[in-house]
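So this block is structure-v7.cif, mmCIF, C-alpha atoms:
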data_input
loop_
_atom_site.label_atom_id
_atom_site.label_comp_id
_atom_site.auth_asym_id
_atom_site.auth_seq_id
_atom_site.Cartn_x
_atom_site.Cartn_y
_atom_site.Cartn_z
CA MET S 1166 0.00 0.00 0.00
CA THR S 1167 1.62 3.23 -1.14
CA THR S 1168 1.80 6.20 1.18
CA GLN S 1169 3.09 8.68 -1.37
CA THR S 1170 0.95 11.70 -2.19
CA ARG S 1171 1.14 14.63 -4.54
CA ILE S 1172 1.09 17.09 -1.65
CA GLY S 1173 3.79 15.17 0.18
CA ALA S 1174 6.00 15.00 -2.91
CA LEU S 1175 5.76 18.75 -3.49
CA ALA S 1176 6.39 19.53 0.16
CA ALA S 1177 9.49 17.33 0.15
CA LEU S 1178 10.75 19.00 -3.01
CA GLU S 1179 10.16 22.42 -1.43
CA ILE S 1180 12.15 21.40 1.64
CA ALA S 1181 15.07 20.07 -0.41
CA ILE S 1182 15.38 23.07 -2.71
CA SER S 1183 14.62 25.75 -0.12
CA ALA S 1184 17.31 24.28 2.14
CA ALA S 1185 19.86 24.48 -0.67
CA THR S 1186 18.92 28.07 -1.52
CA ALA S 1187 18.95 29.10 2.15
CA VAL S 1188 22.56 27.97 2.48
CA ALA S 1189 23.45 30.23 -0.43
CA SER S 1190 21.28 33.09 0.95
CA ILE S 1191 19.03 32.95 -2.10
CA GLY S 1192 15.38 33.90 -1.68
CA PHE S 1193 12.84 31.08 -2.18
CA HIS S 1194 9.08 31.38 -2.68
CA ARG S 1195 6.52 28.68 -3.45
CA ASP S 1196 3.50 29.88 -5.42
CA PRO S 1197 3.81 33.46 -4.10
CA GLU S 1198 0.62 35.50 -3.87
CA LYS S 1199 2.43 38.80 -4.03
CA SER S 1200 5.18 40.38 -6.04
CA VAL S 1201 8.73 39.19 -5.38
CA ASP S 1202 11.65 41.59 -5.12
CA ALA S 1203 14.30 41.42 -7.80
CA THR S 1204 17.84 40.81 -6.59
CA HIS S 1205 21.31 40.62 -8.05
CA ASP S 1206 21.96 37.25 -6.38
CA GLY S 1207 18.80 35.66 -7.73
CA VAL S 1208 15.47 34.52 -6.41
CA VAL S 1209 13.73 31.14 -6.85
CA ILE S 1210 9.99 30.74 -7.36
CA MET S 1211 8.56 27.23 -7.20
CA ARG S 1212 5.40 26.37 -9.09
CA ASP S 1213 3.56 23.18 -8.21
CA GLY S 1214 3.17 22.45 -11.90
CA ASP S 1215 1.37 19.70 -13.70
CA PRO S 1216 1.03 16.13 -12.42
CA GLY S 1217 -0.06 15.00 -15.88
CA SER S 1218 -2.06 11.83 -16.40
CA PRO S 1219 -1.25 8.79 -14.27
CA GLU S 1220 -0.48 5.27 -15.35
CA TYR S 1221 -2.73 2.75 -13.68
CA ILE S 1222 -1.31 -0.11 -11.70
CA LEU S 1223 -3.70 -2.94 -10.81
CA SER S 1224 -3.86 -5.13 -7.72
CA PRO S 1225 -3.81 -3.14 -5.63
CA MET S 1226 -5.15 -0.26 -7.68
CA SER S 1227 -2.67 2.61 -7.64
CA TYR S 1228 -1.66 5.55 -9.80
CA SER S 1229 1.85 6.27 -11.03
CA TRP S 1230 2.67 9.92 -11.78
CA GLU S 1231 5.45 11.80 -13.49
CA HIS S 1232 4.78 15.24 -12.10
CA GLN S 1233 6.59 18.24 -13.59
CA ALA S 1234 7.21 20.87 -10.93
CA SER S 1235 8.82 24.05 -12.22
CA PHE S 1236 11.20 26.61 -10.81
CA GLU S 1237 11.66 30.14 -12.08
CA ILE S 1238 15.07 31.57 -11.26
CA THR S 1239 15.42 35.32 -11.77
CA ALA S 1240 18.34 37.68 -11.27
CA SER S 1241 19.09 41.24 -12.35
CA GLY S 1242 22.20 43.35 -12.77
CA LYS S 1243 25.46 43.16 -14.68
CA GLU S 1244 26.30 39.72 -13.28
CA ARG S 1245 22.84 38.21 -13.81
CA GLU S 1246 24.05 35.43 -16.11
CA ALA S 1247 26.54 34.15 -13.53
CA ALA S 1248 23.98 34.59 -10.74
CA VAL S 1249 21.34 32.53 -12.54
CA GLU S 1250 23.85 29.79 -13.39
CA ALA S 1251 25.01 29.69 -9.77
CA VAL S 1252 21.45 29.13 -8.59
CA ILE S 1253 20.83 26.46 -11.24
CA ALA S 1254 23.95 24.68 -9.97
CA LEU S 1255 22.33 24.31 -6.53
CA PHE S 1256 19.58 22.04 -7.80
CA GLU S 1257 21.41 18.92 -8.95
CA PRO S 1258 23.35 18.34 -5.71
CA ALA S 1259 20.20 18.97 -3.68
CA LEU S 1260 18.31 16.31 -5.63
CA ALA S 1261 21.20 13.87 -6.00
CA ALA S 1262 21.67 13.79 -2.22
CA ASP S 1263 18.41 11.85 -1.95
CA ARG S 1264 16.45 11.18 -5.11
CA THR S 1265 13.55 9.80 -3.07
CA LEU S 1266 13.24 13.01 -1.02
CA GLY S 1267 12.97 11.00 2.16
CA GLY S 1268 10.58 8.49 0.62
CA ALA S 1269 8.07 11.07 -0.62
CA VAL S 1270 8.83 10.09 -4.23
CA ASP S 1271 10.47 7.22 -6.08
CA ASP S 1272 12.66 9.58 -8.06
CA ALA S 1273 13.27 13.31 -8.41
CA ARG S 1274 15.46 14.73 -11.16
CA ILE S 1275 15.92 17.52 -13.67
CA VAL S 1276 14.75 16.18 -17.01
CA LEU S 1277 15.03 19.21 -19.27
CA ALA S 1278 17.71 21.83 -19.83
CA PRO S 1279 16.68 25.21 -18.40
CA GLU S 1280 14.75 27.59 -20.66
CA ILE S 1281 16.39 31.01 -20.41
CA HIS S 1282 14.96 34.43 -21.25
CA GLU S 1283 16.00 38.04 -20.78
CA TYR S 1284 13.44 40.70 -19.91
CA PRO S 1285 14.43 44.36 -20.38
CA VAL S 1286 12.66 46.53 -17.79
CA ASP S 1287 11.94 50.20 -18.45
CA GLY S 1288 13.96 52.31 -16.03
CA ALA S 1289 15.49 49.33 -14.24
CA GLU S 1290 18.01 46.58 -14.84
CA THR S 1291 17.35 43.73 -17.24
CA GLU S 1292 16.05 40.57 -15.63
CA ARG S 1293 17.37 37.16 -16.64
CA THR S 1294 15.24 34.16 -15.89
CA ALA S 1295 15.70 30.41 -16.21
CA MET S 1296 12.80 27.97 -16.10
CA LEU S 1297 13.82 24.62 -14.66
CA SER S 1298 11.59 21.55 -14.53
CA VAL S 1299 11.98 18.84 -11.92
CA GLN S 1300 10.20 15.56 -12.57
CA LEU S 1301 8.76 13.86 -9.52
CA SER S 1302 7.94 10.16 -9.97
CA TYR S 1303 5.60 8.83 -7.32
CA THR S 1304 2.71 6.43 -6.85
CA THR S 1305 -0.50 7.25 -5.05
CA ALA S 1306 -3.45 5.26 -3.81
CA THR S 1307 -6.06 7.51 -5.40
CA GLY S 1308 -6.55 9.24 -8.72
CA ALA S 1309 -6.61 12.59 -6.95
CA GLY S 1310 -2.96 12.16 -6.13
CA MET Q 832 16.95 81.22 -22.69
CA SER Q 833 13.43 80.18 -23.65
CA ALA Q 834 10.55 80.42 -21.21
CA PHE Q 835 10.64 76.62 -20.93
CA GLY Q 836 14.35 76.75 -20.18
CA VAL Q 837 13.77 79.35 -17.48
CA MET Q 838 11.07 77.15 -15.95
CA LEU Q 839 13.43 74.16 -15.95
CA ALA Q 840 16.17 76.19 -14.28
CA THR Q 841 13.73 77.22 -11.56
CA LEU Q 842 12.45 73.69 -11.03
CA PHE Q 843 15.88 72.08 -10.92
CA SER Q 844 17.14 74.67 -8.42
CA ASP Q 845 14.16 74.04 -6.12
CA PRO Q 846 15.27 71.84 -3.19
CA ASN Q 847 11.95 69.98 -3.25
CA LEU Q 848 12.57 68.71 -6.77
CA GLY Q 849 16.25 69.02 -7.58
CA MET Q 850 19.40 67.89 -5.83
CA ASP Q 851 23.11 68.33 -6.33
CA ILE Q 852 24.63 65.52 -8.37
CA VAL Q 853 27.98 64.78 -9.93
CA TYR Q 854 28.00 63.44 -13.47
CA CYS Q 855 31.18 61.52 -14.26
CA PRO Q 856 31.80 60.88 -17.96
CA ALA Q 857 33.86 57.78 -18.66
CA ALA Q 858 36.25 60.03 -20.58
CA GLY Q 859 36.86 62.09 -17.43
CA GLY Q 860 35.94 65.60 -16.33
CA ALA Q 861 33.30 65.31 -13.60
CA ILE Q 862 30.41 67.79 -13.85
CA ALA Q 863 28.69 69.09 -10.72
CA CYS Q 864 25.12 70.05 -11.57
CA ARG Q 865 21.48 69.66 -10.53
CA GLY Q 866 19.21 66.70 -11.20
CA ALA Q 867 15.67 65.59 -10.41
CA TYR Q 868 15.67 62.02 -9.13
CA ALA Q 869 12.89 59.50 -8.62
CA GLN Q 870 13.00 55.81 -7.77
CA PRO Q 871 9.49 54.35 -7.88
CA ASP Q 872 8.95 50.59 -7.86
CA ILE Q 873 8.05 48.85 -11.08
CA GLU Q 874 6.43 45.44 -11.34
CA THR Q 875 7.12 43.24 -14.32
CA GLN Q 876 5.49 39.98 -15.33
CA ILE Q 877 8.34 37.49 -15.74
CA GLN Q 878 7.18 34.02 -16.64
CA SER Q 879 4.36 33.44 -14.15
CA ALA Q 880 5.77 35.70 -11.44
CA GLN Q 881 5.40 39.40 -10.68
CA ILE Q 882 8.89 40.72 -10.04
CA ARG Q 883 9.21 44.04 -8.24
CA ASP Q 884 12.21 46.16 -9.09
CA ARG Q 885 13.20 49.74 -8.43
CA LYS Q 886 13.33 52.26 -11.22
CA ARG Q 887 16.07 54.84 -10.86
CA VAL Q 888 15.36 57.75 -13.17
CA LEU Q 889 17.29 60.99 -13.13
CA LEU Q 890 16.43 64.09 -15.14
CA VAL Q 891 19.28 66.43 -15.97
CA ARG Q 892 19.41 69.50 -18.15
CA ALA Q 893 21.09 69.28 -21.53
CA CYS Q 894 22.81 72.60 -20.84
CA ASP Q 895 24.70 70.79 -18.05
CA ILE Q 896 25.18 67.39 -19.71
CA ALA Q 897 25.56 67.83 -23.45
CA GLN Q 898 25.62 64.17 -24.38
CA PRO Q 899 25.44 61.18 -22.03
CA ALA Q 900 27.39 58.11 -23.08
CA ASP Q 901 27.65 54.46 -22.16
CA ASN Q 902 29.88 53.73 -19.15
CA ASP Q 903 29.33 57.17 -17.64
CA THR Q 904 28.47 57.19 -13.93
CA VAL Q 905 26.49 59.56 -11.70
CA GLN Q 906 26.66 60.33 -7.99
CA VAL Q 907 23.10 60.87 -6.76
CA PRO Q 908 23.30 62.85 -4.55
CA ALA Q 909 26.77 64.33 -4.94
CA GLY Q 910 29.32 62.46 -2.85
CA SER Q 911 27.43 59.13 -2.72
CA ALA Q 912 28.35 55.83 -4.37
CA PRO Q 913 28.08 56.20 -8.14
CA PHE Q 914 25.35 54.64 -10.24
CA ARG Q 915 26.08 53.33 -13.70
CA LEU Q 916 24.19 54.64 -16.68
CA LEU Q 917 21.83 52.03 -18.12
CA ASN Q 918 20.10 54.09 -20.77
CA PHE Q 919 19.40 57.68 -21.74
CA ASN Q 920 16.81 59.51 -23.82
CA ALA Q 921 15.95 63.08 -24.64
CA ASN Q 922 13.00 63.73 -22.37
CA ASP Q 923 11.11 66.60 -23.95
CA PRO Q 924 10.30 67.87 -27.46
CA MET Q 925 12.87 70.65 -27.20
CA ARG Q 926 15.56 68.24 -26.01
CA LEU Q 927 16.33 70.44 -23.01
CA THR Q 928 16.49 67.53 -20.56
CA TRP Q 929 17.90 64.03 -20.55
CA ARG Q 930 16.12 61.13 -18.85
CA LEU Q 931 18.86 58.91 -17.44
CA GLU Q 932 18.11 55.38 -16.28
CA LEU Q 933 20.53 54.34 -13.54
CA ALA Q 934 21.51 51.14 -11.78
CA PRO Q 935 23.84 50.26 -8.91
CA GLN Q 936 27.39 49.50 -9.93
#
Go ahead and express the file in the form of structure tokens.
Amino acid sequence: MTTQTRIGALAALEIAISAATAVASIGFHRDPEKSVDATHDGVVIMRDGDPGSPEYILSPMSYSWEHQASFEITASGKEREAAVEAVIALFEPALAADRTLGGAVDDARIVLAPEIHEYPVDGAETERTAMLSVQLSYTTATGAG
Amino acid sequence: MSAFGVMLATLFSDPNLGMDIVYCPAAGGAIACRGAYAQPDIETQIQSAQIRDRKRVLLVRACDIAQPADNDTVQVPAGSAPFRLLNFNANDPMRLTWRLELAPQ
């Protein structure tokens, strides 16, 4: 009988990544309601993302998910490229330390190269952002995750 | 000086609007003059997030600063840590003022 849940998987991912960013004094926000301040060192915004459609496992009935959670990493200033890359570099060690996130998932890993954009801002410094997807593989007892 | 120029001189000399600044061209020859500075917040939609940043906009008179250039810096106010020049535009139809966009070094 599986005890993994969608909520538990996301919470474990939040803990792993926020711990890594805290060590580097990088701001971390999960699904923020309000605006987030731009910084030269970078800021990380976690989005719960899309669990997709499950695969069904019979006897006992369970649901296997490959959930794409996303992270937006944004930095401004002259050194924004280096700042964004430094934050991206925090993710792989944080996930590789325990790919099961304490048993909350079967596997957690970056499956796509980051998607990078630059946003010129009128009257302020250009923002550089990288979108990083982390795939969470887990199995739940219900179709609601 | 035109009536508009006289008005600008009055406004920039007013302590409620203007302040003493030092404009430092990259080529050298610092210029002490007056500027009108504002730093309102700006919010920008970046991916799915609203990112709040601080605009730093300085108006200076073209009779003080003939032509801004990349890599120039500005002390706002005079004597403080210099800002770098991000961008500049003529700010009025008569090109009597420059709108300078600044950022921390």
Once you add 6 Å to each side, what are the centre and edge lengths of the axis-aligned box holding all listed atoms of stretch 1278-1293 of chain S? One decimal in Å, as JSON, if you can.
{"center_x": 15.0, "center_y": 37.1, "center_z": -17.7, "size_x": 18.1, "size_y": 42.5, "size_z": 19.0}
*List the neighbours of S:Thr1291 out to 12 Å using only C-alpha atoms; skip same-chain residues closer than 2 positions along the sequence, and give me the result as a ChimeraX atom specification.*
/S:1203-1205,1239-1246,1282-1289,1293-1294 /Q:875,877,882,884-886,917-918,932-934
*Hits from the PyMOL selection byres ((chain S and resi 1252) around 10), listed as a ChimeraX atom specification*: /S:1185-1186,1189,1191,1206-1209,1238-1240,1247-1251,1253-1256,1295
*asked:* Between Q:Gly866, Q:Gly836, Q:Pro935, Q:Gly910, which residue has the minimum interatomic distance to chain S, considering only C-alpha atoms?
replied: Q:Pro935
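The interatomic distance for the pair atom CA of Q:Pro871 and atom CA of Q:Ala834 works out to 29.3 Å.
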Output of the PyMOL selection byres ((chain Q and resi 906) around 9), listed as a PDB file with C-alpha atoms, in the frame of the given file:
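Contents of expr30.pdb, freshly written:
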ATOM      1  CA  ASP Q 851      23.110  68.330  -6.330  1.00  0.00           C
ATOM      2  CA  ILE Q 852      24.630  65.520  -8.370  1.00  0.00           C
ATOM      3  CA  VAL Q 853      27.980  64.780  -9.930  1.00  0.00           C
ATOM      4  CA  TYR Q 854      28.000  63.440 -13.470  1.00  0.00           C
ATOM      5  CA  CYS Q 855      31.180  61.520 -14.260  1.00  0.00           C
ATOM      6  CA  THR Q 904      28.470  57.190 -13.930  1.00  0.00           C
ATOM      7  CA  VAL Q 905      26.490  59.560 -11.700  1.00  0.00           C
ATOM      8  CA  VAL Q 907      23.100  60.870  -6.760  1.00  0.00           C
ATOM      9  CA  PRO Q 908      23.300  62.850  -4.550  1.00  0.00           C
ATOM     10  CA  ALA Q 909      26.770  64.330  -4.940  1.00  0.00           C
ATOM     11  CA  GLY Q 910      29.320  62.460  -2.850  1.00  0.00           C
ATOM     12  CA  SER Q 911      27.430  59.130  -2.720  1.00  0.00           C
ATOM     13  CA  ALA Q 912      28.350  55.830  -4.370  1.00  0.00           C
ATOM     14  CA  PRO Q 913      28.080  56.200  -8.140  1.00  0.00           C
ATOM     15  CA  PHE Q 914      25.350  54.640 -10.240  1.00  0.00           C
TER      16      PHE Q 914
END
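Checking S:Gln1169, S:Ser1218, S:Ser1224, S:Ser1235 one by one against chain Q, counting only C-alpha atoms, you find the shortest gap at S:Ser1235.
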*Quick one: of Q:Met925, Q:Ala897, Q:Ala880, Q:Leu848, who's nearest to chain S, counting all atoms listed in the file?*
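Using all atoms listed in the file, chain S sits closest to Q:Ala880.
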_Reference answer for the PyMOL selection byres ((chain Q and resi 920) around 7), as a ChimeraX atom specification_ = /Q:919,921-922,929-931
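If all atoms listed in the file are the atoms counted, then among Q:Leu916, Q:Ile862, Q:Ala900, Q:Ala893 the closest residue to chain S is Q:Leu916.
Interatomic distance, atom CA of S:Met1296 to atom CA of S:Pro1197: 16.0 Å.
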For S:Thr1265: contacts at 12 Å, all atoms listed in the file, fewer than 3 positions along chain excluded, given as a tab-separated table (two decimals) with C-alpha atoms, in the frame of the given file:
chain	number	residue	atom	x	y	z
S	1169	GLN	CA	3.09	8.68	-1.37
S	1173	GLY	CA	3.79	15.17	0.18
S	1174	ALA	CA	6.00	15.00	-2.91
S	1175	LEU	CA	5.76	18.75	-3.49
S	1177	ALA	CA	9.49	17.33	0.15
S	1178	LEU	CA	10.75	19.00	-3.01
S	1181	ALA	CA	15.07	20.07	-0.41
S	1259	ALA	CA	20.20	18.97	-3.68
S	1260	LEU	CA	18.31	16.31	-5.63
S	1261	ALA	CA	21.20	13.87	-6.00
S	1262	ALA	CA	21.67	13.79	-2.22
S	1268	GLY	CA	10.58	8.49	0.62
S	1269	ALA	CA	8.07	11.07	-0.62
S	1270	VAL	CA	8.83	10.09	-4.23
S	1271	ASP	CA	10.47	7.22	-6.08
S	1272	ASP	CA	12.66	9.58	-8.06
S	1273	ALA	CA	13.27	13.31	-8.41
S	1274	ARG	CA	15.46	14.73	-11.16
S	1300	GLN	CA	10.20	15.56	-12.57
S	1301	LEU	CA	8.76	13.86	-9.52
S	1302	SER	CA	7.94	10.16	-9.97
S	1303	TYR	CA	5.60	8.83	-7.32
S	1304	THR	CA	2.71	6.43	-6.85
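Reported to one decimal place, the separation of atom CA of Q:Leu927 from atom CA of Q:Ala867 is 13.5 Å.
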Can you rebuild stretch 906-920 of chain Q with N, CA and C atoms and give it as a PDB file, keeping the file's coordinate frame?
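The resulting result12.pdb:
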ATOM      1  N   GLN Q 906      26.838  60.343  -9.449  1.00  0.00           N
ATOM      2  CA  GLN Q 906      26.660  60.330  -7.990  1.00  0.00           C
ATOM      3  C   GLN Q 906      25.349  61.046  -7.675  1.00  0.00           C
ATOM      4  N   VAL Q 907      24.413  60.322  -7.114  1.00  0.00           N
ATOM      5  CA  VAL Q 907      23.100  60.870  -6.760  1.00  0.00           C
ATOM      6  C   VAL Q 907      22.807  60.512  -5.307  1.00  0.00           C
ATOM      7  N   PRO Q 908      22.858  61.466  -4.376  1.00  0.00           N
ATOM      8  CA  PRO Q 908      23.300  62.850  -4.550  1.00  0.00           C
ATOM      9  C   PRO Q 908      24.823  62.926  -4.629  1.00  0.00           C
ATOM     10  N   ALA Q 909      25.319  64.126  -4.830  1.00  0.00           N
ATOM     11  CA  ALA Q 909      26.770  64.330  -4.940  1.00  0.00           C
ATOM     12  C   ALA Q 909      27.471  63.763  -3.710  1.00  0.00           C
ATOM     13  N   GLY Q 910      28.541  63.011  -3.946  1.00  0.00           N
ATOM     14  CA  GLY Q 910      29.320  62.460  -2.850  1.00  0.00           C
ATOM     15  C   GLY Q 910      28.936  61.041  -2.481  1.00  0.00           C
ATOM     16  N   SER Q 911      27.845  60.503  -3.041  1.00  0.00           N
ATOM     17  CA  SER Q 911      27.430  59.130  -2.720  1.00  0.00           C
ATOM     18  C   SER Q 911      28.053  58.151  -3.710  1.00  0.00           C
ATOM     19  N   ALA Q 912      27.807  56.857  -3.474  1.00  0.00           N
ATOM     20  CA  ALA Q 912      28.350  55.830  -4.370  1.00  0.00           C
ATOM     21  C   ALA Q 912      27.758  56.025  -5.767  1.00  0.00           C
ATOM     22  N   PRO Q 913      28.578  55.904  -6.797  1.00  0.00           N
ATOM     23  CA  PRO Q 913      28.080  56.200  -8.140  1.00  0.00           C
ATOM     24  C   PRO Q 913      27.159  55.104  -8.685  1.00  0.00           C
ATOM     25  N   PHE Q 914      26.186  55.538  -9.451  1.00  0.00           N
ATOM     26  CA  PHE Q 914      25.350  54.640 -10.240  1.00  0.00           C
ATOM     27  C   PHE Q 914      25.928  54.563 -11.644  1.00  0.00           C
ATOM     28  N   ARG Q 915      25.690  53.413 -12.295  1.00  0.00           N
ATOM     29  CA  ARG Q 915      26.080  53.330 -13.700  1.00  0.00           C
ATOM     30  C   ARG Q 915      24.888  53.717 -14.571  1.00  0.00           C
ATOM     31  N   LEU Q 916      25.216  54.185 -15.761  1.00  0.00           N
ATOM     32  CA  LEU Q 916      24.190  54.640 -16.680  1.00  0.00           C
ATOM     33  C   LEU Q 916      23.695  53.448 -17.508  1.00  0.00           C
ATOM     34  N   LEU Q 917      22.393  53.133 -17.363  1.00  0.00           N
ATOM     35  CA  LEU Q 917      21.830  52.030 -18.120  1.00  0.00           C
ATOM     36  C   LEU Q 917      21.372  52.473 -19.502  1.00  0.00           C
ATOM     37  N   ASN Q 918      20.724  53.642 -19.525  1.00  0.00           N
ATOM     38  CA  ASN Q 918      20.100  54.090 -20.770  1.00  0.00           C
ATOM     39  C   ASN Q 918      19.845  55.585 -20.660  1.00  0.00           C
ATOM     40  N   PHE Q 919      19.704  56.250 -21.780  1.00  0.00           N
ATOM     41  CA  PHE Q 919      19.400  57.680 -21.740  1.00  0.00           C
ATOM     42  C   PHE Q 919      18.556  58.048 -22.952  1.00  0.00           C
ATOM     43  N   ASN Q 920      17.672  59.019 -22.735  1.00  0.00           N
ATOM     44  CA  ASN Q 920      16.810  59.510 -23.820  1.00  0.00           C
ATOM     45  C   ASN Q 920      16.566  60.987 -23.621  1.00  0.00           C
TER      46      ASN Q 920
END
